[in-house]
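Accompanying notes for the structure given below.
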Amino acid sequence: MAIEDFDESLKFKPESASTHCWRGAAYYKQVRCDLAVADFTEAIQLKPDSASYYNRRGDAYHRQFLYDLAIEDYNKAIKLDPNNYFCAPCAIIKLALAAPSAAERKRNPQWPYRRRLAGERAEQSGS
């Protein structure tokens, strides 16, 4: 029901970034990540300075196993709002949980995700 309500709202105010984001969240909850990504992308286009929109799209990419895209969005969210405690730690935790086992890393040594995210965070903080 919520998605239909957001659809109706967007008919009257299609430039509402928050409504696109909320509808994207509803799609995400239904595991319809392709539609969630589309709505989060629209929200970002309407309000590109919102860290939470990048964080949410990163979550949708993460759920689709698109880790490189998730990392890009998480890093953008951190850059936009480095003090947002939802963006930075959650990104690291989510990607760490998605990391392969030690055996998998031996079979596929090209697993750069955790190191790359941690390295970019260190550069941003000036460490």
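Residue numbering restarts at 1 for every chain of the structure tokens, chains are lettered A, B, ... in their displayed order, and ligands are numbered from 1 as they appear.
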
Report task. For range 5-10 of chain A, list every protein, DNA or RNA residue within 9 Å, evaluated using only C-alpha atoms, and leave out those in the same chain fewer than 6 positions away; present the list as a PyMOL selection string. Result -> chain A and resi 16+19-20+22-23

Report task. Could you give me, as an MDAnalysis selection string, the residues within 12 Å of Tyr53 in chain A, counting only C-alpha atoms and dropping anything in the same chain fewer than 5 positions from it? Result -> chainID A and resid 17:25 36:48 58:60 73:74 76:78 80:81 86:87

Report summary line: What separates CA of Arg63 in chain A and CA of Tyr28 in chain A is a distance of 8.9 Å

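The space separating CA of Cys33 in chain A from CA of Ala70 in chain A comes to 12.5 Å.
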
Requested in this report: Have a look at CA of Leu35 in chain A and CA of Asp49 in chain A and let me know their distance in Å, one decimal.
Outcome: 21.3 Å

Requested in this report: Please run DSSP on the backbone and report, as number ranges by chain, all residues within range 13-68 of chain A that come out as alpha helix (DSSP H).
Outcome: A: 17-29, 33-46, 51-63, 67-68

May I have the selected residues written with N, CA and C atoms, as a compact mmCIF listing (two decimals), in the first residue's frame?
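That gives us out_13.txt:
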# COMPACT_ATOMS: atom_id res chain seq x y z
N ALA A 17 12.54 14.86 -3.60
CA ALA A 17 13.61 13.88 -3.38
C ALA A 17 13.27 12.95 -2.22
N SER A 18 12.69 13.49 -1.17
CA SER A 18 12.39 12.65 -0.01
C SER A 18 11.34 11.59 -0.34
N THR A 19 10.36 11.93 -1.18
CA THR A 19 9.35 10.93 -1.56
C THR A 19 9.97 9.82 -2.41
N HIS A 20 10.88 10.19 -3.31
CA HIS A 20 11.59 9.16 -4.08
C HIS A 20 12.38 8.26 -3.13
N CYS A 21 13.01 8.88 -2.14
CA CYS A 21 13.80 8.10 -1.19
C CYS A 21 12.91 7.15 -0.38
N TRP A 22 11.78 7.64 0.09
CA TRP A 22 10.88 6.80 0.88
C TRP A 22 10.31 5.66 0.03
N ARG A 23 9.98 5.95 -1.22
CA ARG A 23 9.49 4.87 -2.08
C ARG A 23 10.61 3.87 -2.34
N GLY A 24 11.82 4.38 -2.53
CA GLY A 24 12.97 3.47 -2.69
C GLY A 24 13.16 2.59 -1.47
N ALA A 25 12.96 3.16 -0.28
CA ALA A 25 13.08 2.37 0.95
C ALA A 25 12.00 1.28 1.00
N ALA A 26 10.80 1.61 0.52
CA ALA A 26 9.72 0.62 0.49
C ALA A 26 10.08 -0.51 -0.49
N TYR A 27 10.63 -0.15 -1.65
CA TYR A 27 11.06 -1.17 -2.60
C TYR A 27 12.19 -2.01 -2.00
N TYR A 28 13.11 -1.37 -1.32
CA TYR A 28 14.23 -2.08 -0.70
C TYR A 28 13.70 -3.10 0.31
N LYS A 29 12.72 -2.69 1.10
CA LYS A 29 12.15 -3.59 2.10
C LYS A 29 11.50 -4.80 1.44
N CYS A 33 15.34 -4.43 -5.38
CA CYS A 33 16.48 -3.50 -5.33
C CYS A 33 16.69 -2.71 -6.60
N ASP A 34 16.33 -3.26 -7.75
CA ASP A 34 16.50 -2.49 -8.98
C ASP A 34 15.61 -1.25 -8.95
N LEU A 35 14.38 -1.39 -8.45
CA LEU A 35 13.49 -0.24 -8.33
C LEU A 35 13.94 0.70 -7.21
N ALA A 36 14.48 0.13 -6.15
CA ALA A 36 15.01 0.95 -5.05
C ALA A 36 16.16 1.82 -5.56
N VAL A 37 17.09 1.20 -6.30
CA VAL A 37 18.23 1.95 -6.84
C VAL A 37 17.75 3.08 -7.74
N ALA A 38 16.75 2.81 -8.56
CA ALA A 38 16.23 3.84 -9.46
C ALA A 38 15.67 5.02 -8.66
N ASP A 39 14.93 4.74 -7.60
CA ASP A 39 14.38 5.83 -6.79
C ASP A 39 15.46 6.56 -6.02
N PHE A 40 16.42 5.83 -5.45
CA PHE A 40 17.50 6.50 -4.73
C PHE A 40 18.33 7.36 -5.69
N THR A 41 18.52 6.88 -6.91
CA THR A 41 19.26 7.65 -7.92
C THR A 41 18.51 8.93 -8.26
N GLU A 42 17.20 8.83 -8.41
CA GLU A 42 16.39 10.02 -8.69
C GLU A 42 16.49 11.00 -7.51
N ALA A 43 16.43 10.49 -6.29
CA ALA A 43 16.56 11.35 -5.12
C ALA A 43 17.92 12.06 -5.11
N ILE A 44 18.97 11.32 -5.46
CA ILE A 44 20.31 11.91 -5.51
C ILE A 44 20.40 12.99 -6.58
N GLN A 45 19.78 12.76 -7.72
CA GLN A 45 19.79 13.77 -8.78
C GLN A 45 19.07 15.04 -8.33
N LEU A 46 18.01 14.87 -7.55
CA LEU A 46 17.25 16.03 -7.08
C LEU A 46 17.93 16.74 -5.91
N ALA A 51 23.79 12.85 2.15
CA ALA A 51 24.57 11.64 2.47
C ALA A 51 23.66 10.43 2.65
N SER A 52 22.50 10.62 3.23
CA SER A 52 21.63 9.47 3.49
C SER A 52 21.12 8.83 2.20
N TYR A 53 20.93 9.62 1.15
CA TYR A 53 20.47 9.04 -0.11
C TYR A 53 21.56 8.14 -0.71
N TYR A 54 22.82 8.60 -0.63
CA TYR A 54 23.92 7.76 -1.10
C TYR A 54 24.05 6.51 -0.24
N ASN A 55 23.89 6.66 1.06
CA ASN A 55 23.99 5.52 1.97
C ASN A 55 22.91 4.48 1.65
N ARG A 56 21.69 4.95 1.42
CA ARG A 56 20.60 4.02 1.10
C ARG A 56 20.83 3.32 -0.24
N ARG A 57 21.31 4.08 -1.24
CA ARG A 57 21.58 3.43 -2.52
C ARG A 57 22.73 2.44 -2.38
N GLY A 58 23.71 2.79 -1.56
CA GLY A 58 24.79 1.84 -1.27
C GLY A 58 24.26 0.56 -0.66
N ASP A 59 23.28 0.68 0.23
CA ASP A 59 22.66 -0.51 0.82
C ASP A 59 22.00 -1.37 -0.25
N ALA A 60 21.30 -0.72 -1.19
CA ALA A 60 20.63 -1.47 -2.26
C ALA A 60 21.67 -2.16 -3.15
N TYR A 61 22.76 -1.46 -3.48
CA TYR A 61 23.82 -2.09 -4.26
C TYR A 61 24.41 -3.26 -3.49
N HIS A 62 24.63 -3.05 -2.21
CA HIS A 62 25.21 -4.09 -1.36
C HIS A 62 24.33 -5.33 -1.38
N ARG A 63 23.03 -5.15 -1.27
CA ARG A 63 22.10 -6.28 -1.26
C ARG A 63 22.13 -7.03 -2.60
N TYR A 67 29.36 -4.73 -4.89
CA TYR A 67 30.16 -4.13 -3.83
C TYR A 67 30.93 -2.90 -4.27
N ASP A 68 31.45 -2.88 -5.49
CA ASP A 68 32.18 -1.69 -5.95
C ASP A 68 31.27 -0.47 -5.96
